[in-house]
file structure-v7.tsv (TSV, C-alpha atoms)
chain	number	residue	atom	x	y	z
A	1	MET	CA	110.32	99.90	-78.72
A	2	SER	CA	106.70	100.98	-78.84
A	3	ASN	CA	105.10	103.22	-76.26
A	4	ASP	CA	103.43	100.42	-74.34
A	5	ASN	CA	106.89	99.05	-73.43
A	6	GLN	CA	106.00	95.54	-74.58
A	7	PHE	CA	108.25	95.34	-77.68
A	8	GLU	CA	107.19	95.36	-81.32
A	9	LEU	CA	104.10	93.58	-82.59
A	10	TRP	CA	104.34	90.43	-84.75
A	11	GLU	CA	101.61	88.52	-86.59
A	12	VAL	CA	101.47	84.75	-86.14
A	13	PHE	CA	100.25	82.15	-88.63
A	14	ILE	CA	99.84	78.52	-87.66
A	15	GLN	CA	99.65	75.46	-89.88
A	16	SER	CA	97.69	72.76	-88.13
A	17	LYS	CA	98.54	69.89	-90.50
A	18	SER	CA	101.17	69.38	-93.16
A	19	GLY	CA	99.80	70.63	-96.49
A	20	GLN	CA	97.07	72.76	-94.90
A	21	PRO	CA	97.09	76.54	-95.32
A	22	TYR	CA	98.58	78.75	-92.62
A	23	VAL	CA	95.84	80.45	-90.61
A	24	HIS	CA	96.23	83.73	-88.77
A	25	ALA	CA	96.27	82.92	-85.06
A	26	GLY	CA	96.82	86.38	-83.56
A	27	SER	CA	99.75	88.57	-82.64
A	28	VAL	CA	102.57	88.59	-80.09
A	29	HIS	CA	105.02	91.12	-78.73
A	30	ALA	CA	108.73	90.47	-79.22
A	31	SER	CA	111.96	92.38	-79.67
A	32	ASP	CA	113.13	90.29	-82.64
A	33	SER	CA	112.15	87.32	-84.80
A	34	ALA	CA	113.78	84.73	-82.51
A	35	MET	CA	111.78	85.94	-79.51
A	36	ALA	CA	108.65	86.27	-81.64
A	37	MET	CA	108.97	82.62	-82.67
A	38	GLN	CA	109.25	81.46	-79.04
A	39	ASN	CA	106.39	83.69	-77.94
A	40	ALA	CA	104.22	82.48	-80.82
A	41	ARG	CA	104.95	78.89	-79.85
A	42	ASP	CA	104.14	79.53	-76.18
A	43	THR	CA	101.05	81.62	-76.86
A	44	TYR	CA	99.34	79.78	-79.70
A	45	THR	CA	100.51	76.15	-79.80
A	46	ARG	CA	100.29	75.21	-76.12
A	47	ARG	CA	97.15	73.13	-76.62
A	48	GLY	CA	98.65	71.20	-79.53
A	49	ALA	CA	97.48	71.08	-83.17
A	50	ALA	CA	100.43	72.78	-84.84
A	51	THR	CA	103.05	71.56	-87.30
A	52	SER	CA	104.56	74.87	-88.35
A	53	ILE	CA	104.61	78.59	-87.50
A	54	TRP	CA	105.09	81.69	-89.65
A	55	ILE	CA	105.74	85.08	-88.12
A	56	ALA	CA	106.11	88.53	-89.66
A	57	PRO	CA	106.36	92.07	-88.26
A	58	SER	CA	102.87	93.59	-88.08
A	59	ASN	CA	104.02	96.75	-89.81
A	60	CYS	CA	104.81	94.69	-92.95
A	61	PHE	CA	101.10	94.08	-93.50
A	62	LYS	CA	98.98	96.36	-95.63
A	63	ALA	CA	95.24	96.12	-95.00
A	64	SER	CA	92.50	97.07	-97.42
A	65	ASN	CA	90.56	100.19	-96.48
A	66	PRO	CA	86.97	99.39	-95.39
A	67	GLU	CA	85.87	102.56	-97.19
A	68	ASN	CA	86.79	100.88	-100.47
A	69	ASN	CA	84.68	97.79	-99.81
A	70	ASP	CA	81.99	98.76	-102.36
A	71	MET	CA	84.62	99.10	-105.06
A	72	LEU	CA	86.70	96.09	-104.09
A	73	PHE	CA	84.24	93.41	-103.07
A	74	GLU	CA	80.66	94.25	-103.98
A	75	PRO	CA	81.02	93.80	-107.77
A	76	ALA	CA	81.75	90.10	-107.14
A	77	ASN	CA	78.55	89.50	-105.18
A	78	ASP	CA	76.18	89.13	-108.18
A	79	LYS	CA	78.45	87.07	-110.38
A	80	ILE	CA	77.54	83.57	-109.36
A	81	TYR	CA	78.83	82.24	-112.70
A	82	ARG	CA	82.30	82.70	-111.24
A	83	HIS	CA	81.60	79.78	-108.94
A	84	PRO	CA	82.35	76.40	-110.54
A	85	THR	CA	78.87	75.08	-109.69
A	86	PHE	CA	77.45	74.70	-113.21
A	87	TYR	CA	79.30	71.56	-114.22
A	88	ASN	CA	77.88	68.05	-114.21
A	89	MET	CA	80.16	65.92	-112.12
A	90	PRO	CA	81.15	62.55	-113.61
A	91	GLU	CA	79.78	59.76	-111.50
A	92	GLY	CA	82.19	58.24	-109.06
A	93	ALA	CA	84.53	61.26	-109.07
A	94	THR	CA	84.96	61.91	-105.39
A	95	HIS	CA	87.98	64.19	-105.21
A	96	ILE	CA	86.81	67.14	-107.33
B	1	MET	CA	118.99	49.19	-48.89
B	2	ASN	CA	117.58	46.85	-51.53
B	3	THR	CA	117.21	47.85	-55.18
B	4	LYS	CA	113.55	48.74	-54.80
B	5	GLU	CA	114.19	51.06	-51.87
B	6	ALA	CA	117.08	52.69	-53.70
B	7	LEU	CA	114.98	53.12	-56.83
B	8	LEU	CA	112.15	54.67	-54.82
B	9	ASN	CA	114.54	57.20	-53.28
B	10	TYR	CA	115.97	58.02	-56.70
B	11	ILE	CA	112.55	58.45	-58.34
B	12	LEU	CA	111.48	60.71	-55.47
B	13	ARG	CA	114.55	62.87	-56.06
B	14	LEU	CA	113.67	63.32	-59.74
B	15	GLY	CA	109.97	63.79	-58.99
B	16	ASP	CA	110.62	66.31	-56.21
B	17	ASP	CA	112.96	68.34	-58.41
B	18	ALA	CA	110.17	68.64	-60.98
B	19	LEU	CA	107.44	69.30	-58.42
B	20	ILE	CA	109.29	72.03	-56.54
B	21	ILE	CA	110.66	73.97	-59.51
B	22	GLY	CA	107.26	73.56	-61.17
B	23	HIS	CA	105.70	75.19	-58.12
B	24	ARG	CA	108.29	77.96	-58.14
B	25	LEU	CA	107.60	78.71	-61.81
B	26	SER	CA	103.86	78.68	-61.18
B	27	GLU	CA	104.44	81.58	-58.76
B	28	TRP	CA	105.13	83.70	-61.87
B	29	CYS	CA	101.55	83.24	-63.07
B	30	SER	CA	100.06	86.73	-63.63
B	31	ARG	CA	103.41	88.32	-62.67
B	32	GLY	CA	105.35	87.81	-65.90
B	33	PRO	CA	107.21	90.78	-67.42
B	34	ILE	CA	104.97	90.63	-70.50
B	35	LEU	CA	101.91	88.52	-71.28
B	36	GLU	CA	103.82	86.23	-73.66
B	37	GLU	CA	106.51	85.47	-71.08
B	38	ASP	CA	103.85	84.92	-68.43
B	39	LEU	CA	102.45	82.16	-70.66
B	40	ALA	CA	105.93	80.79	-71.37
B	41	LEU	CA	106.69	80.50	-67.64
B	42	THR	CA	103.40	78.79	-66.84
B	43	ASN	CA	103.92	76.43	-69.81
B	44	LEU	CA	107.28	75.57	-68.30
B	45	SER	CA	105.66	75.06	-64.93
B	46	LEU	CA	103.05	72.72	-66.39
B	47	ASP	CA	105.75	70.69	-68.16
B	48	TYR	CA	107.40	70.20	-64.77
B	49	ILE	CA	104.21	69.36	-62.91
B	50	GLY	CA	103.34	66.82	-65.62
B	51	ARG	CA	106.77	65.27	-65.20
B	52	ALA	CA	106.35	65.24	-61.42
B	53	GLN	CA	103.04	63.47	-61.80
B	54	ALA	CA	104.55	60.73	-63.98
B	55	LEU	CA	107.50	60.20	-61.63
B	56	LEU	CA	105.56	60.35	-58.37
B	57	LYS	CA	102.99	57.96	-59.80
B	58	TYR	CA	105.82	55.54	-60.46
B	59	ALA	CA	107.07	56.14	-56.90
B	60	ALA	CA	103.57	55.41	-55.58
B	61	GLU	CA	103.52	52.12	-57.50
B	62	LEU	CA	106.85	51.16	-55.95
B	63	LYS	CA	105.54	52.07	-52.50
B	64	GLY	CA	102.40	49.98	-52.97
B	65	ASN	CA	99.68	49.97	-50.27
B	66	ASN	CA	97.31	51.99	-52.48
B	67	TYR	CA	99.57	55.04	-52.31
B	68	THR	CA	98.84	57.65	-54.98
B	69	GLU	CA	101.00	60.37	-56.52
B	70	ASP	CA	98.93	62.93	-54.62
B	71	ASP	CA	99.72	61.33	-51.26
B	72	ILE	CA	103.39	61.48	-52.14
B	73	ALA	CA	103.29	65.07	-53.40
B	74	TYR	CA	101.18	66.58	-50.63
B	75	ARG	CA	101.59	64.52	-47.49
B	76	ARG	CA	105.27	64.18	-46.84
B	77	PRO	CA	107.18	66.23	-44.28
B	78	GLU	CA	110.05	68.41	-45.46
B	79	SER	CA	112.77	65.95	-44.46
B	80	LEU	CA	111.34	63.31	-46.82
B	81	TYR	CA	111.72	65.51	-49.91
B	82	TYR	CA	114.91	64.77	-51.81
B	83	ASN	CA	115.09	67.56	-54.40
B	84	HIS	CA	118.25	69.53	-55.14
B	85	LEU	CA	118.42	72.83	-53.26
B	86	ILE	CA	118.63	74.96	-56.41
B	87	VAL	CA	115.00	74.23	-57.34
B	88	GLU	CA	113.71	75.68	-54.07
B	89	THR	CA	115.61	78.98	-54.33
B	90	PRO	CA	113.19	81.95	-54.55
B	91	ASN	CA	112.28	83.46	-57.92
B	92	LYS	CA	113.40	86.94	-56.73
B	93	ASP	CA	113.49	88.73	-60.09
B	94	PHE	CA	113.32	87.54	-63.69
B	95	ALA	CA	117.13	87.40	-63.79
B	96	HIS	CA	117.27	84.89	-60.93
B	97	THR	CA	114.53	82.77	-62.44
B	98	MET	CA	116.22	82.61	-65.84
B	99	VAL	CA	119.70	81.91	-64.47
B	100	ARG	CA	118.26	79.14	-62.27
B	101	GLN	CA	116.48	77.79	-65.34
B	102	LEU	CA	119.67	77.81	-67.38
B	103	PHE	CA	121.61	75.96	-64.67
B	104	VAL	CA	118.84	73.40	-64.13
B	105	SER	CA	117.89	72.88	-67.78
B	106	ALA	CA	121.53	72.55	-68.88
B	107	PHE	CA	121.85	69.78	-66.29
B	108	GLU	CA	118.57	68.12	-67.23
B	109	PHE	CA	119.43	68.22	-70.92
B	110	GLN	CA	122.57	66.10	-70.40
B	111	PHE	CA	121.01	64.05	-67.64
B	112	PHE	CA	117.83	62.86	-69.36
B	113	ASP	CA	119.66	62.29	-72.62
B	114	ALA	CA	121.86	59.77	-70.79
B	115	LEU	CA	119.04	58.35	-68.66
B	116	GLN	CA	117.10	57.38	-71.80
B	117	LYS	CA	119.36	54.32	-71.82
B	118	SER	CA	118.38	53.27	-68.29
B	119	LYS	CA	117.67	49.57	-67.86
B	120	ASP	CA	114.52	50.55	-66.01
B	121	PRO	CA	112.00	50.80	-68.88
B	122	GLN	CA	109.69	53.27	-67.13
B	123	LEU	CA	112.56	55.60	-66.27
B	124	ALA	CA	113.86	55.36	-69.84
B	125	ALA	CA	110.42	56.21	-71.27
B	126	ILE	CA	109.88	59.19	-68.94
B	127	SER	CA	113.38	60.44	-69.82
B	128	ALA	CA	112.72	60.29	-73.57
B	129	LYS	CA	109.50	62.28	-73.19
B	130	THR	CA	111.10	64.76	-70.79
B	131	LEU	CA	114.09	65.41	-73.04
B	132	LYS	CA	111.90	67.05	-75.70
B	133	GLU	CA	110.49	69.47	-73.14
B	134	VAL	CA	113.90	70.17	-71.64
B	135	LYS	CA	115.36	71.09	-75.04
B	136	TYR	CA	112.86	73.91	-75.28
B	137	HIS	CA	113.36	75.01	-71.66
B	138	LEU	CA	117.09	75.21	-72.30
B	139	ALA	CA	116.66	77.16	-75.55
B	140	HIS	CA	114.30	79.61	-73.86
B	141	ALA	CA	116.54	80.16	-70.82
B	142	THR	CA	119.70	80.42	-72.95
B	143	ASP	CA	118.04	83.04	-75.10
B	144	TRP	CA	117.07	85.22	-72.15
B	145	VAL	CA	120.39	84.84	-70.32
B	146	ILE	CA	122.26	86.04	-73.41
B	147	ARG	CA	119.79	88.87	-74.10
B	148	LEU	CA	119.83	90.20	-70.56
B	149	GLY	CA	123.48	89.48	-69.77
B	150	ASP	CA	124.54	91.28	-72.94
B	151	GLY	CA	121.77	93.86	-72.55
B	152	SER	CA	121.57	97.13	-70.64
B	153	PRO	CA	123.88	97.95	-67.70
B	154	GLU	CA	121.01	97.20	-65.29
B	155	SER	CA	120.06	93.88	-66.88
B	156	HIS	CA	123.72	92.83	-66.99
B	157	ASP	CA	124.16	93.75	-63.36
B	158	ARG	CA	121.07	91.81	-62.25
B	159	MET	CA	122.11	88.76	-64.26
B	160	GLN	CA	125.62	88.78	-62.80
B	161	LYS	CA	124.16	89.03	-59.29
B	162	ALA	CA	121.88	86.07	-59.99
B	163	VAL	CA	124.79	84.00	-61.37
B	164	ASN	CA	126.90	84.84	-58.30
B	165	GLN	CA	124.12	83.97	-55.85
B	166	LEU	CA	123.01	80.74	-57.50
B	167	TRP	CA	126.44	79.35	-58.34
B	168	MET	CA	126.91	77.64	-54.95
B	169	PHE	CA	123.82	75.51	-55.61
B	170	THR	CA	125.13	74.04	-58.88
B	171	GLY	CA	127.62	71.57	-57.39
B	172	GLU	CA	124.89	69.53	-55.75
B	173	LEU	CA	123.41	68.66	-59.16
B	174	PHE	CA	126.35	66.31	-59.68
B	175	GLU	CA	126.49	64.84	-56.18
B	176	MET	CA	126.17	61.07	-56.08
B	177	THR	CA	124.91	59.26	-53.00
B	178	GLU	CA	125.03	55.56	-52.11
B	179	VAL	CA	121.71	55.28	-53.96
B	180	ASP	CA	123.34	56.45	-57.18
B	181	PHE	CA	126.24	54.05	-56.86
B	182	GLN	CA	123.98	51.11	-56.06
B	183	LEU	CA	121.67	51.74	-59.01
B	184	LEU	CA	124.59	52.58	-61.29
B	185	LYS	CA	125.89	49.00	-60.87
B	186	GLU	CA	122.57	47.72	-62.17
B	187	GLY	CA	122.49	50.05	-65.16
B	188	ILE	CA	119.44	51.91	-63.86
B	189	THR	CA	121.12	55.26	-63.25
B	190	ILE	CA	124.03	57.10	-64.79
B	191	ASP	CA	127.44	58.40	-63.80
B	192	LEU	CA	127.24	62.16	-63.22
B	193	VAL	CA	130.95	62.85	-63.73
B	194	PRO	CA	130.74	63.13	-67.55
B	195	ILE	CA	127.44	65.01	-67.18
B	196	GLN	CA	129.22	67.62	-65.05
B	197	ILE	CA	131.92	68.12	-67.68
B	198	GLN	CA	129.31	68.60	-70.42
B	199	TRP	CA	127.34	70.96	-68.17
B	200	GLN	CA	130.39	73.09	-67.43
B	201	GLU	CA	131.16	73.44	-71.14
B	202	LEU	CA	127.58	74.34	-72.01
B	203	VAL	CA	127.12	76.86	-69.20
B	204	ALA	CA	130.54	78.45	-69.76
B	205	ASP	CA	129.65	78.97	-73.41
B	206	VAL	CA	126.32	80.66	-72.60
B	207	LEU	CA	127.81	82.86	-69.85
B	208	ASN	CA	130.59	83.86	-72.22
B	209	LYS	CA	128.12	84.86	-74.94
B	210	ALA	CA	126.13	86.74	-72.29
B	211	THR	CA	129.29	88.64	-71.22
B	212	LEU	CA	128.81	87.25	-67.69
B	213	HIS	CA	131.61	86.03	-65.44
B	214	GLN	CA	131.64	82.56	-64.02
B	215	PRO	CA	132.23	82.70	-60.25
B	216	THR	CA	135.52	81.22	-59.11
B	217	THR	CA	134.34	80.23	-55.65
B	218	SER	CA	134.41	76.50	-55.07
B	219	TYR	CA	132.15	76.41	-51.99
B	220	MET	CA	129.04	74.42	-52.80
B	221	GLN	CA	125.84	73.95	-50.81
B	222	SER	CA	124.33	70.49	-50.47
B	223	GLY	CA	121.89	68.54	-48.32
B	224	GLY	CA	118.75	68.25	-50.43
B	225	LEU	CA	119.45	64.65	-51.45
B	226	HIS	CA	119.42	63.75	-47.75
B	227	GLY	CA	116.29	65.74	-46.93
B	228	LYS	CA	118.14	68.77	-45.51
B	229	HIS	CA	116.71	71.88	-47.10
B	230	THR	CA	117.09	75.66	-47.20
B	231	GLU	CA	114.85	77.90	-45.11
B	232	HIS	CA	112.66	78.41	-48.21
B	233	MET	CA	111.43	74.82	-48.43
B	234	GLY	CA	109.05	74.95	-45.48
B	235	HIS	CA	107.32	78.00	-46.95
B	236	ILE	CA	106.87	76.27	-50.31
B	237	LEU	CA	105.40	73.18	-48.68
B	238	SER	CA	103.07	75.10	-46.38
B	239	GLU	CA	101.56	76.78	-49.41
B	240	MET	CA	101.62	73.70	-51.66
B	241	GLN	CA	100.23	71.30	-49.05
B	242	TYR	CA	97.73	73.67	-47.48
B	243	LEU	CA	94.62	72.25	-49.12
B	244	GLN	CA	95.42	68.58	-48.46
B	245	ARG	CA	96.40	69.35	-44.87
B	246	ALA	CA	93.35	71.50	-44.15
B	247	TYR	CA	90.86	69.31	-46.03
B	248	PRO	CA	92.28	65.78	-46.32
B	249	ASP	CA	90.99	63.87	-49.35
B	250	ALA	CA	89.27	66.99	-50.72
B	251	LYS	CA	87.91	66.41	-54.22
B	252	TRP	CA	86.97	68.87	-56.96
call {"tool": "encode", "arguments": {"input": "structure-v7.tsv", "output": "structure tokens"}}
result
Amino acid sequence: MSNDNQFELWEVFIQSKSGQPYVHAGSVHASDSAMAMQNARDTYTRRGAATSIWIAPSNCFKASNPENNDMLFEPANDKIYRHPTFYNMPEGATHI
Amino acid sequence: MNTKEALLNYILRLGDDALIIGHRLSEWCSRGPILEEDLALTNLSLDYIGRAQALLKYAAELKGNNYTEDDIAYRRPESLYYNHLIVETPNKDFAHTMVRQLFVSAFEFQFFDALQKSKDPQLAAISAKTLKEVKYHLAHATDWVIRLGDGSPESHDRMQKAVNQLWMFTGELFEMTEVDFQLLKEGITIDLVPIQIQWQELVADVLNKATLHQPTTSYMQSGGLHGKHTEHMGHILSEMQYLQRAYPDAKW
């Protein structure tokens, strides 16, 4: 149990519609995955708009270091040719 | 008593159960053991108050004379509330609240499952909607009763005390009055004898997993179905009805 006496921290991801990506909703405290699932349901789905929940212990996540942002992300900023915006779309194609 | 009068009394019983335990659970707001459980308890409370609204609205329709669900909820004297006594018992600690929830939700789970087949279409529809909520309430309460019963020596001790103190209020859940028997003949209500057997099995299983002992005492409190309440009821009503009594017809 952590020092704040509120159990371990879990990250919660909610899918709002079948087929949609899971979006990070926030975190909850819980002593195990079963309690985390109930707490996630009660904390983040009470106003509706959920079809599925993922939870994972917060300490399983590895975050990128902001100090490395110039190395990791900046080189991509001037490479607009990586965006698929240079193609002529066939007329009538609506789902591309 | 004609069918309509019997039905009104029965609907009030169901509505009052939901209203009073909903109020009790709302007393946890901002007092939960952790933030997440605070939200869970107020979610539970709102489920109950929503159910109370649906049922008391139906009761108001049966009463006629432009009665509304608010009149019924906030302007009756204590002796005209017909809820079971267990729903008015004080929250005390989290152990009491969760044991009460287990006892009530285990009953409601069997009860509303059966009442879905009521010949009264409105009662059947409310039961079907309620059952989904009750399934979660039961899962949540079961989870906590097992965790705390089979937890630390202190949590076990508090849970056992709560079980012992609340046990005498469980018998009333299966009490049938003349209203029940009258409506049973018409297929509107259900026989509570099989419900009691299912309840006993379910609760015994949870208590067993929670390493808690089931009390052997057979003395059971009753009176709620006839408007005779515990000393706690007046306090609940004085708080719940305060606004309507002090400022009749107050609007937001």
call {"tool": "interface_residues", "arguments": {"input": "structure-v7.tsv", "of": "chain B", "to": "chain A", "cutoff": "7 Å", "atoms": "all atoms listed in the file", "output": "list in words"}}
result
Ile34, Glu36, Leu39 and Ala40 of chain B
call {"tool": "atom_distance", "arguments": {"input": "structure-v7.tsv", "atom1": "atom CA of Arg75 of chain B", "atom2": "atom CA of Ala246 of chain B"}}
result
11.3 Å
call {"tool": "residues_around", "arguments": {"input": "structure-v7.tsv", "residues": "segment 227-238 of chain B", "least_positions_apart": "4", "cutoff": "8 Å", "atoms": "only C-alpha atoms", "output": "PyMOL selection string"}}
result
chain B and resi 20+23+78-83+85+88-90+223+242
call {"tool": "closest_residue", "arguments": {"input": "structure-v7.tsv", "among": "A:Tyr81, A:Ala49, A:Asp70, A:Met37", "to": "Lys17 of chain A", "atoms": "only C-alpha atoms"}}
result
A:Ala49
call {"tool": "closest_residue", "arguments": {"input": "structure-v7.tsv", "among": "B:Leu35, B:Leu12, B:Ala125, B:Leu243", "to": "His226 of chain B", "atoms": "all atoms listed in the file"}}
result
B:Leu12
call {"tool": "residues_around", "arguments": {"input": "structure-v7.tsv", "residues": "Ala124 of chain B", "least_positions_apart": "3", "cutoff": "10 Å", "atoms": "all atoms listed in the file", "output": "mmCIF file with C-alpha atoms, in the coordinates of the input"}}
result
data_model
loop_
_atom_site.group_PDB
_atom_site.id
_atom_site.type_symbol
_atom_site.label_atom_id
_atom_site.label_comp_id
_atom_site.auth_asym_id
_atom_site.auth_seq_id
_atom_site.Cartn_x
_atom_site.Cartn_y
_atom_site.Cartn_z
ATOM 1 C CA PHE B 112 117.830 62.860 -69.360
ATOM 2 C CA ASP B 113 119.660 62.290 -72.620
ATOM 3 C CA ALA B 114 121.860 59.770 -70.790
ATOM 4 C CA LEU B 115 119.040 58.350 -68.660
ATOM 5 C CA GLN B 116 117.100 57.380 -71.800
ATOM 6 C CA LYS B 117 119.360 54.320 -71.820
ATOM 7 C CA SER B 118 118.380 53.270 -68.290
ATOM 8 C CA LYS B 119 117.670 49.570 -67.860
ATOM 9 C CA ASP B 120 114.520 50.550 -66.010
ATOM 10 C CA PRO B 121 112.000 50.800 -68.880
ATOM 11 C CA SER B 127 113.380 60.440 -69.820
ATOM 12 C CA ALA B 128 112.720 60.290 -73.570
ATOM 13 C CA LYS B 129 109.500 62.280 -73.190
ATOM 14 C CA THR B 130 111.100 64.760 -70.790
ATOM 15 C CA ILE B 188 119.440 51.910 -63.860
ATOM 16 C CA THR B 189 121.120 55.260 -63.250
#
call {"tool": "residues_near_point", "arguments": {"input": "structure-v7.tsv", "point": "(115.0, 85.4, -58.0)", "cutoff": "12 Å", "atoms": "all atoms listed in the file", "output": "list in words"}}
result
Arg24, Leu25, Glu27, Trp28, Ile86, Val87, Glu88, Thr89, Pro90, Asn91, Lys92, Asp93, Phe94, Ala95, His96, Thr97, Met98, Val99, Arg100, Gln101, Arg158, Met159, Lys161, Ala162, Val163, Asn164, Gln165 and Leu166 of chain B
call {"tool": "closest_residue", "arguments": {"input": "structure-v7.tsv", "among": "B:Thr170, B:Gln241, B:Ser30, B:Thr3", "to": "His84 of chain B", "atoms": "all atoms listed in the file"}}
result
B:Thr170
call {"tool": "atom_distance", "arguments": {"input": "structure-v7.tsv", "atom1": "atom CA of Ala18 of chain B", "atom2": "atom CA of Ala52 of chain B"}}
result
5.1 Å
call {"tool": "atom_distance", "arguments": {"input": "structure-v7.tsv", "atom1": "atom CA of Trp199 of chain B", "atom2": "atom CA of Phe107 of chain B"}}
result
5.9 Å
call {"tool": "residues_around", "arguments": {"input": "structure-v7.tsv", "residues": "Thr177 of chain B", "least_positions_apart": "2", "cutoff": "10 Å", "atoms": "all atoms listed in the file", "output": "JSON, numbers by chain"}}
result
{"B": [10, 174, 175, 179, 180, 181, 182, 225, 226]}
call {"tool": "build_atoms", "arguments": {"input": "structure-v7.tsv", "residues": "segment 17-34 of chain B", "atoms": "N, CA and C atoms", "output": "CSV table (one decimal), in the coordinates of the input"}}
result
chain,number,residue,atom,x,y,z
B,17,ASP,N,112.3,67.3,-57.6
B,17,ASP,CA,113.0,68.3,-58.4
B,17,ASP,C,111.9,69.0,-59.3
B,18,ALA,N,111.2,68.1,-60.0
B,18,ALA,CA,110.2,68.6,-61.0
B,18,ALA,C,109.0,69.3,-60.3
B,19,LEU,N,108.6,68.7,-59.2
B,19,LEU,CA,107.4,69.3,-58.4
B,19,LEU,C,107.8,70.7,-57.8
B,20,ILE,N,109.0,70.8,-57.2
B,20,ILE,CA,109.3,72.0,-56.5
B,20,ILE,C,109.6,73.2,-57.5
B,21,ILE,N,110.4,72.9,-58.6
B,21,ILE,CA,110.7,74.0,-59.5
B,21,ILE,C,109.4,74.3,-60.3
B,22,GLY,N,108.5,73.3,-60.5
B,22,GLY,CA,107.3,73.6,-61.2
B,22,GLY,C,106.4,74.5,-60.3
B,23,HIS,N,106.4,74.3,-59.0
B,23,HIS,CA,105.7,75.2,-58.1
B,23,HIS,C,106.3,76.6,-58.1
B,24,ARG,N,107.6,76.7,-58.1
B,24,ARG,CA,108.3,78.0,-58.1
B,24,ARG,C,107.9,78.7,-59.4
B,25,LEU,N,107.9,78.0,-60.6
B,25,LEU,CA,107.6,78.7,-61.8
B,25,LEU,C,106.1,79.1,-61.8
B,26,SER,N,105.3,78.3,-61.2
B,26,SER,CA,103.9,78.7,-61.2
B,26,SER,C,103.6,80.0,-60.4
B,27,GLU,N,104.6,80.3,-59.5
B,27,GLU,CA,104.4,81.6,-58.8
B,27,GLU,C,104.5,82.8,-59.7
B,28,TRP,N,105.0,82.6,-60.9
B,28,TRP,CA,105.1,83.7,-61.9
B,28,TRP,C,103.8,84.0,-62.5
B,29,CYS,N,102.8,83.1,-62.4
B,29,CYS,CA,101.6,83.2,-63.1
B,29,CYS,C,100.9,84.6,-62.7
B,30,SER,N,100.6,85.4,-63.7
B,30,SER,CA,100.1,86.7,-63.6
B,30,SER,C,101.1,87.8,-63.2
B,31,ARG,N,102.4,87.4,-63.0
B,31,ARG,CA,103.4,88.3,-62.7
B,31,ARG,C,104.5,88.4,-63.7
B,32,GLY,N,104.3,87.8,-64.9
B,32,GLY,CA,105.4,87.8,-65.9
B,32,GLY,C,105.6,89.2,-66.4
B,33,PRO,N,106.8,89.4,-66.9
B,33,PRO,CA,107.2,90.8,-67.4
B,33,PRO,C,106.3,91.2,-68.6
B,34,ILE,N,106.0,90.3,-69.5
B,34,ILE,CA,105.0,90.6,-70.5
B,34,ILE,C,104.1,89.4,-70.6
